[in-house]
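Shown below: target.pdb, with PDB, C-alpha atoms.
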```pdb
ATOM      1  CA  MET E 187      91.629 119.660 112.356
ATOM      2  CA  SER E 188      93.256 120.191 115.687
ATOM      3  CA  LYS E 189      95.491 118.057 117.817
ATOM      4  CA  GLN E 190      92.321 117.276 119.778
ATOM      5  CA  ASP E 191      90.662 115.897 116.620
ATOM      6  CA  ARG E 192      93.731 113.785 115.833
ATOM      7  CA  ASN E 193      93.711 112.373 119.363
ATOM      8  CA  LYS E 194      89.962 111.665 119.159
ATOM      9  CA  TRP E 195      90.348 109.660 115.941
ATOM     10  CA  ASN E 196      93.441 107.839 117.200
ATOM     11  CA  GLN E 197      91.519 106.800 120.313
ATOM     12  CA  ARG E 198      88.491 105.636 118.310
ATOM     13  CA  TYR E 199      90.621 103.447 116.047
ATOM     14  CA  ALA E 200      92.633 102.110 119.007
ATOM     15  CA  GLU E 201      89.321 101.108 120.641
ATOM     16  CA  GLY E 202      88.227  99.218 117.516
ATOM     17  CA  CYS E 203      85.623 101.671 116.222
ATOM     18  CA  TYR E 204      84.999 101.973 112.479
ATOM     19  CA  GLN E 205      86.338  98.504 111.670
ATOM     20  CA  LYS E 206      84.320  97.793 108.539
ATOM     21  CA  ASN E 207      85.876  95.679 105.800
ATOM     22  CA  ASN E 208      83.370  96.248 103.021
ATOM     23  CA  PRO E 209      83.782  99.285 100.752
ATOM     24  CA  VAL E 210      81.259 102.102 100.703
ATOM     25  CA  THR E 211      78.410 101.126  98.346
ATOM     26  CA  LEU E 212      78.973 104.141  96.070
ATOM     27  CA  VAL E 213      82.556 103.002  95.419
ATOM     28  CA  ALA E 214      81.609  99.356  94.883
ATOM     29  CA  ASP E 215      78.725 100.264  92.555
ATOM     30  CA  TRP E 216      80.848 102.564  90.368
ATOM     31  CA  LEU E 217      83.968 100.371  90.201
ATOM     32  CA  PRO E 218      82.963  98.670  86.899
ATOM     33  CA  GLU E 219      82.682 102.121  85.251
ATOM     34  CA  LEU E 220      86.088 103.368  86.392
ATOM     35  CA  PRO E 221      89.401 103.180  84.540
ATOM     36  CA  VAL E 222      92.012 101.393  86.630
ATOM     37  CA  GLY E 223      94.974 103.662  87.361
ATOM     38  CA  ARG E 224      96.055 106.010  90.146
ATOM     39  CA  ALA E 225      93.601 106.525  92.990
ATOM     40  CA  LEU E 226      93.461 108.790  96.026
ATOM     41  CA  ASP E 227      91.367 107.908  99.086
ATOM     42  CA  VAL E 228      90.885 111.105 101.118
ATOM     43  CA  ALA E 229      90.226 110.713 104.867
ATOM     44  CA  CYS E 230      90.696 106.968 104.417
ATOM     45  CA  GLY E 231      90.346 106.005 108.084
ATOM     46  CA  ALA E 232      91.160 102.323 108.566
ATOM     47  CA  GLY E 233      91.515 101.870 104.807
ATOM     48  CA  ARG E 234      88.557  99.760 103.717
ATOM     49  CA  ASN E 235      88.046 101.665 100.451
ATOM     50  CA  ALA E 236      91.774 102.031  99.725
ATOM     51  CA  ILE E 237      92.240  98.281 100.179
ATOM     52  CA  PHE E 238      89.233  97.561  97.949
ATOM     53  CA  LEU E 239      90.713  99.748  95.209
ATOM     54  CA  ALA E 240      94.159  98.155  95.537
ATOM     55  CA  GLN E 241      92.545  94.715  95.237
ATOM     56  CA  ALA E 242      90.966  95.939  91.978
ATOM     57  CA  GLY E 243      94.387  96.895  90.604
ATOM     58  CA  PHE E 244      94.579 100.610  91.428
ATOM     59  CA  GLN E 245      97.823 102.249  92.543
ATOM     60  CA  VAL E 246      96.499 103.898  95.728
ATOM     61  CA  ASP E 247      97.509 106.881  97.829
ATOM     62  CA  ALA E 248      95.474 106.982 101.046
ATOM     63  CA  ILE E 249      95.535 109.968 103.373
ATOM     64  CA  ASP E 250      94.182 110.473 106.885
ATOM     65  CA  ILE E 251      94.897 112.388 110.101
ATOM     66  CA  SER E 252      94.860 109.289 112.325
ATOM     67  CA  ARG E 253      98.102 107.375 112.782
ATOM     68  CA  GLU E 254      96.140 104.572 114.488
ATOM     69  CA  GLY E 255      93.714 104.261 111.575
ATOM     70  CA  LEU E 256      96.583 104.220 109.089
ATOM     71  CA  ASN E 257      98.460 101.590 111.119
ATOM     72  CA  LEU E 258      95.388  99.335 111.115
ATOM     73  CA  ALA E 259      94.974  99.855 107.374
ATOM     74  CA  ARG E 260      98.667  99.223 106.689
ATOM     75  CA  GLN E 261      98.599  95.965 108.646
ATOM     76  CA  GLN E 262      95.516  94.725 106.807
ATOM     77  CA  ALA E 263      96.964  95.670 103.405
ATOM     78  CA  GLU E 264     100.308  94.009 104.152
ATOM     79  CA  HIS E 265      98.485  90.879 105.331
ATOM     80  CA  GLN E 266      96.830  90.761 101.887
ATOM     81  CA  GLY E 267     100.068  91.504 100.037
ATOM     82  CA  LEU E 268      98.857  94.914  98.861
ATOM     83  CA  SER E 269     101.079  97.950  98.404
ATOM     84  CA  ILE E 270      99.390 101.248  99.292
ATOM     85  CA  ASN E 271     101.007 104.625  99.940
ATOM     86  CA  TRP E 272      99.687 105.616 103.400
ATOM     87  CA  ILE E 273      99.989 109.342 104.180
ATOM     88  CA  GLU E 274      99.424 110.877 107.626
ATOM     89  CA  GLN E 275      98.182 114.428 107.121
ATOM     90  CA  ASP E 276      95.820 116.928 108.707
ATOM     91  CA  LEU E 277      93.616 117.808 105.736
ATOM     92  CA  ASP E 278      92.900 121.258 107.157
ATOM     93  CA  GLN E 279      96.568 122.036 106.489
ATOM     94  CA  PRO E 280      97.966 122.617 102.984
ATOM     95  CA  TYR E 281      99.003 119.471 101.135
ATOM     96  CA  PRO E 282     100.505 119.262  97.614
ATOM     97  CA  PHE E 283      98.175 116.708  96.013
ATOM     98  CA  ASP E 284      99.263 115.235  92.695
ATOM     99  CA  THR E 285      97.183 116.300  89.712
ATOM    100  CA  ASP E 286      96.936 113.108  87.721
ATOM    101  CA  TYR E 287      94.577 110.835  89.644
ATOM    102  CA  ASP E 288      92.248 108.609  87.651
ATOM    103  CA  LEU E 289      90.015 108.310  90.716
ATOM    104  CA  ILE E 290      89.582 110.336  93.886
ATOM    105  CA  ILE E 291      87.178 109.263  96.611
ATOM    106  CA  VAL E 292      86.037 111.278  99.618
ATOM    107  CA  MET E 293      83.709 109.378 101.927
ATOM    108  CA  TRP E 294      82.097 110.988 104.976
ATOM    109  CA  TYR E 295      84.681 113.795 105.330
ATOM    110  CA  VAL E 296      83.095 117.246 105.130
ATOM    111  CA  ASN E 297      85.317 119.853 103.525
ATOM    112  CA  PRO E 298      83.604 121.414 100.462
ATOM    113  CA  GLY E 299      86.600 123.636  99.703
ATOM    114  CA  LEU E 300      88.873 120.601  99.542
ATOM    115  CA  ILE E 301      86.396 118.747  97.320
ATOM    116  CA  SER E 302      86.405 121.679  94.891
ATOM    117  CA  ARG E 303      90.204 121.661  94.888
ATOM    118  CA  LEU E 304      90.343 117.887  94.338
ATOM    119  CA  CYS E 305      88.307 118.227  91.126
ATOM    120  CA  ASN E 306      91.435 119.913  89.727
ATOM    121  CA  CYS E 307      93.588 116.925  90.716
ATOM    122  CA  LEU E 308      91.921 114.543  88.269
ATOM    123  CA  ALA E 309      93.650 113.269  85.159
ATOM    124  CA  PRO E 310      91.727 113.647  81.898
ATOM    125  CA  GLY E 311      88.899 111.108  82.065
ATOM    126  CA  GLY E 312      89.320 110.791  85.842
ATOM    127  CA  TYR E 313      86.457 110.481  88.331
ATOM    128  CA  LEU E 314      85.716 111.944  91.753
ATOM    129  CA  LEU E 315      83.245 110.090  93.987
ATOM    130  CA  CYS E 316      82.045 111.716  97.187
ATOM    131  CA  GLU E 317      79.422 110.836  99.798
ATOM    132  CA  GLU E 318      78.579 112.892 102.868
ATOM    133  CA  HIS E 319      76.056 112.819 105.690
ATOM    134  CA  LEU E 320      73.232 115.241 104.866
ATOM    135  CA  VAL E 321      71.554 117.723 107.211
ATOM    136  CA  THR E 322      67.969 116.656 107.915
ATOM    137  CA  ASP E 323      65.317 116.957 110.614
ATOM    138  CA  LEU E 324      64.519 113.248 110.325
ATOM    139  CA  GLU E 325      65.761 110.544 112.692
ATOM    140  CA  VAL E 326      68.894 109.223 110.970
ATOM    141  CA  ILE E 327      72.162 107.629 111.994
ATOM    142  CA  GLY E 328      75.473 109.397 111.812
ATOM    143  CA  PRO E 329      76.967 112.451 113.435
ATOM    144  CA  THR E 330      74.719 114.800 115.372
ATOM    145  CA  SER E 331      76.986 117.823 114.876
ATOM    146  CA  LEU E 332      76.193 119.887 111.798
ATOM    147  CA  SER E 333      79.962 120.284 111.339
ATOM    148  CA  TYR E 334      80.012 116.702 110.045
ATOM    149  CA  ARG E 335      77.059 117.054 107.645
ATOM    150  CA  VAL E 336      76.481 119.000 104.441
ATOM    151  CA  ALA E 337      73.409 121.124 103.863
ATOM    152  CA  PRO E 338      71.216 120.269 100.883
ATOM    153  CA  GLY E 339      72.905 121.524  97.706
ATOM    154  CA  ASP E 340      76.320 122.141  99.317
ATOM    155  CA  LEU E 341      78.006 119.157  97.690
ATOM    156  CA  ARG E 342      76.612 120.090  94.265
ATOM    157  CA  GLU E 343      77.980 123.609  94.755
ATOM    158  CA  ALA E 344      81.402 122.201  95.688
ATOM    159  CA  VAL E 345      81.672 120.483  92.289
ATOM    160  CA  SER E 346      80.104 123.252  90.197
ATOM    161  CA  GLY E 347      81.907 123.542  86.908
ATOM    162  CA  ALA E 348      82.634 119.802  86.809
ATOM    163  CA  ASP E 349      80.831 117.277  84.610
ATOM    164  CA  VAL E 350      78.353 115.814  87.141
ATOM    165  CA  LEU E 351      77.314 112.261  86.265
ATOM    166  CA  LEU E 352      75.338 111.631  89.456
ATOM    167  CA  TYR E 353      73.971 113.868  92.171
ATOM    168  CA  GLU E 354      71.458 112.711  94.741
ATOM    169  CA  GLU E 355      70.403 113.418  98.303
ATOM    170  CA  PRO E 356      68.580 110.257  99.390
ATOM    171  CA  ILE E 357      67.167 109.281 102.733
ATOM    172  CA  GLU E 358      67.272 105.489 102.752
ATOM    173  CA  MET E 359      67.833 102.389 104.840
ATOM    174  CA  ASN E 360      71.339 100.962 105.016
ATOM    175  CA  SER E 361      72.169  97.241 105.082
ATOM    176  CA  GLU E 362      71.774  97.239 108.887
ATOM    177  CA  GLY E 363      68.219  98.621 108.595
ATOM    178  CA  GLU E 364      69.145 102.089 109.840
ATOM    179  CA  GLN E 365      67.911 105.276 108.170
ATOM    180  CA  VAL E 366      70.680 107.372 106.579
ATOM    181  CA  ALA E 367      70.551 110.827 104.980
ATOM    182  CA  SER E 368      73.364 111.420 102.517
ATOM    183  CA  ALA E 369      74.500 113.510  99.584
ATOM    184  CA  ARG E 370      76.339 111.715  96.755
ATOM    185  CA  VAL E 371      78.135 113.021  93.735
ATOM    186  CA  VAL E 372      80.137 111.495  90.914
ATOM    187  CA  VAL E 373      81.997 113.808  88.562
ATOM    188  CA  LYS E 374      84.189 113.161  85.547
ATOM    189  CA  ASN E 375      87.027 115.295  84.265
ATOM    190  CA  ASN E 376      86.580 115.476  80.507
TER
END
```
Using structure tokens, write down the structure from this file.
Amino acid sequence: MSKQDRNKWNQRYAEGCYQKNNPVTLVADWLPELPVGRALDVACGAGRNAIFLAQAGFQVDAIDISREGLNLARQQAEHQGLSINWIEQDLDQPYPFDTDYDLIIVMWYVNPGLISRLCNCLAPGGYLLCEEHLVTDLEVIGPTSLSYRVAPGDLREAVSGADVLLYEEPIEMNSEGEQVASARVVVKNN
């Protein structure tokens, strides 16, 4: 990402955009199946998923490009008495990720090369959960730029070689009654 992207996200968070408190459904639905341990929330934004995981007992590292988003997340976590390791980092730049995460989540951040690399950062028995906006010709919510969507099959290709427990590309209504096209994957490191 560029300095321009960092500034864009900082401005959006400063203006109060993306202030959801509930975790992404994929994360909430899979939580009962996941071993509690070390977790990494990639492109965590204002921290809703990282906070959810910390509340569930995970030791969480959360990484994002936006200082404003991380500050909002840090304040909310501290208010709840949660300890989370917040990391400001441009994910288009090299970063030395640990290789013993029990859980890695990537929600709505398109970078198939990074997702492939993150599969190698899982501890034995660890899980990677990822959800992305999917390219479609239908009327759906989400980004209009194809740079922020994956083409059908791209996410599956990014995790090829991993033990895929779930892969789907649904077009469905969200809780607000809006149509969403997404690609979801859950992999396990055996």
*Hey, what comes out of the PyMOL selection byres ((chain E and resi 309) around 6) on this file? Could you write it as a ChimeraX atom specification?*
/E:286-288,308,310,312
*Choose the residue, out of E:Val292, E:Ala242, E:Leu212, E:Ile357, that has the smallest atom-to-atom separation from Cys230 in chain E; count only C-alpha atoms.*
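Closest candidate: E:Val292.
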_Tell me which residues come within 12 Å of (102.0, 99.3, 101.6), as a ChimeraX atom specification, counting only C-alpha atoms in the file's coordinates._
/E:233,236-237,240,245-248,256-273
List as a compact mmCIF listing (two decimals) with C-alpha atoms, in the coordinates of the input the residues having at least one atom at most 10 Å from position (81.7, 118.7, 93.4) as given in the file, counting all atoms listed in the file.
```txt
# COMPACT_ATOMS: atom_id res chain seq x y z
CA PRO E 298 83.60 121.41 100.46
CA GLY E 299 86.60 123.64 99.70
CA LEU E 300 88.87 120.60 99.54
CA ILE E 301 86.40 118.75 97.32
CA SER E 302 86.40 121.68 94.89
CA ARG E 303 90.20 121.66 94.89
CA LEU E 304 90.34 117.89 94.34
CA CYS E 305 88.31 118.23 91.13
CA LEU E 314 85.72 111.94 91.75
CA LEU E 315 83.24 110.09 93.99
CA CYS E 316 82.04 111.72 97.19
CA ASP E 340 76.32 122.14 99.32
CA LEU E 341 78.01 119.16 97.69
CA ARG E 342 76.61 120.09 94.26
CA GLU E 343 77.98 123.61 94.76
CA ALA E 344 81.40 122.20 95.69
CA VAL E 345 81.67 120.48 92.29
CA SER E 346 80.10 123.25 90.20
CA GLY E 347 81.91 123.54 86.91
CA ALA E 348 82.63 119.80 86.81
CA ASP E 349 80.83 117.28 84.61
CA VAL E 350 78.35 115.81 87.14
CA TYR E 353 73.97 113.87 92.17
CA ARG E 370 76.34 111.72 96.76
CA VAL E 371 78.14 113.02 93.74
CA VAL E 372 80.14 111.50 90.91
CA VAL E 373 82.00 113.81 88.56
CA LYS E 374 84.19 113.16 85.55
```
*Pick from E:Ile290, E:Val228, E:Met359, E:Val366 nearest to Asp278 in chain E, counting only C-alpha atoms*: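 Closest to Asp278 in chain E, using only C-alpha atoms: E:Val228.
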*Go through E:Cys307, E:Val321, E:Ile251, E:Ala225 and flag the residue nearest Asn375 in chain E, using all atoms listed in the file for the distances.*
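The shortest atom-to-atom distance to Asn375 in chain E comes from E:Cys307.
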*Interatomic distance, CA of Ala337 in chain E to CA of Leu320 in chain E (Å, one decimal)*: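 CA of Leu320 in chain E lies at a distance of 6.0 Å from CA of Ala337 in chain E.
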*For CA of Val210 in chain E and CA of Asn235 in chain E, determine how far apart the two atoms are, in Å to one decimal place.*
6.8 Å
*asked:* Just to confirm, what's the straight-line distance from CA of Ile249 in chain E to CA of Leu226 in chain E in Å (one decimal)?
replied: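 CA of Leu226 in chain E lies at a distance of 7.7 Å from CA of Ile249 in chain E.
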_What's around Val296 in chain E at 7 Å? Count all atoms listed in the file, leave out sequence neighbours fewer than 4 positions away in its own chain, and write the answer as a list of chain:residue names._
E:Glu318, E:Tyr334, E:Arg335, E:Val336
Could the residues in this selection be written to a file with C-alpha atoms, as a PDB file, in the coordinates of the input?
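Okay, this is what ended up in selection.pdb:
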```pdb
ATOM      1  CA  GLU E 318      78.579 112.892 102.868  1.00  0.00           C
ATOM      2  CA  TYR E 334      80.012 116.702 110.045  1.00  0.00           C
ATOM      3  CA  ARG E 335      77.059 117.054 107.645  1.00  0.00           C
ATOM      4  CA  VAL E 336      76.481 119.000 104.441  1.00  0.00           C
TER       5      VAL E 336
END
```
_So, with all atoms listed in the file as the atoms that count, which of E:Leu239, E:Asp276, E:Ala232, E:Asp284 lies closest to Pro218 in chain E?_
E:Leu239
*Closest to Trp216 in chain E among E:Thr330, E:Pro338, E:Glu354, E:Tyr313, using all atoms listed in the file?*
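Of the candidates, the smallest distance to Trp216 in chain E is held by E:Tyr313.
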_Asn360 in chain E surroundings by only C-alpha atoms, 10 Å radius, close-in-sequence under 4 positions cut, as an MDAnalysis selection string_ = chainID E and resid 211 327 364:367
_Residue nearest Leu352 in chain E - candidates E:Glu317, E:Glu274, E:Asn297, E:Val326, atoms counted: only C-alpha atoms_ = E:Glu317
Starting from 8 Å padding per side, set up an axis-aligned box that covers all listed atoms of range 208-219 of chain E and hand over centre and edge lengths in Å, one decimal, as lines of an AutoDock Vina configuration file.
```
center_x = 81.2
center_y = 100.2
center_z = 94.1
size_x = 21.6
size_y = 23.9
size_z = 33.8
```
Could you extract range 225-237 of chain E of the given structure into a file holding N, CA and C atoms, as a compact mmCIF listing (two decimals), in the first residue's frame?
```
# COMPACT_ATOMS: atom_id res chain seq x y z
N ALA E 225 -3.16 -16.04 18.23
CA ALA E 225 -3.93 -15.67 17.04
C ALA E 225 -3.33 -14.43 16.39
N LEU E 226 -3.49 -14.35 15.09
CA LEU E 226 -3.06 -13.20 14.31
C LEU E 226 -4.26 -12.71 13.51
N ASP E 227 -4.59 -11.43 13.67
CA ASP E 227 -5.65 -10.78 12.89
C ASP E 227 -4.96 -9.87 11.89
N VAL E 228 -5.00 -10.23 10.61
CA VAL E 228 -4.32 -9.50 9.54
C VAL E 228 -5.26 -8.46 8.96
N ALA E 229 -4.78 -7.22 8.82
CA ALA E 229 -5.59 -6.10 8.35
C ALA E 229 -6.78 -5.92 9.29
N CYS E 230 -6.47 -5.77 10.56
CA CYS E 230 -7.48 -5.80 11.63
C CYS E 230 -8.38 -4.58 11.70
N GLY E 231 -8.02 -3.49 11.04
CA GLY E 231 -8.86 -2.30 11.07
C GLY E 231 -9.03 -1.78 12.48
N ALA E 232 -10.28 -1.57 12.89
CA ALA E 232 -10.58 -1.04 14.22
C ALA E 232 -10.69 -2.15 15.27
N GLY E 233 -10.29 -3.37 14.91
CA GLY E 233 -10.06 -4.41 15.90
C GLY E 233 -11.22 -5.27 16.36
N ARG E 234 -12.35 -5.23 15.67
CA ARG E 234 -13.50 -5.98 16.19
C ARG E 234 -13.24 -7.47 16.30
N ASN E 235 -12.55 -8.07 15.34
CA ASN E 235 -12.27 -9.50 15.41
C ASN E 235 -11.17 -9.81 16.42
N ALA E 236 -10.15 -8.97 16.48
CA ALA E 236 -9.06 -9.15 17.45
C ALA E 236 -9.61 -9.09 18.87
N ILE E 237 -10.48 -8.15 19.13
CA ILE E 237 -11.08 -8.01 20.46
C ILE E 237 -11.95 -9.23 20.78
```
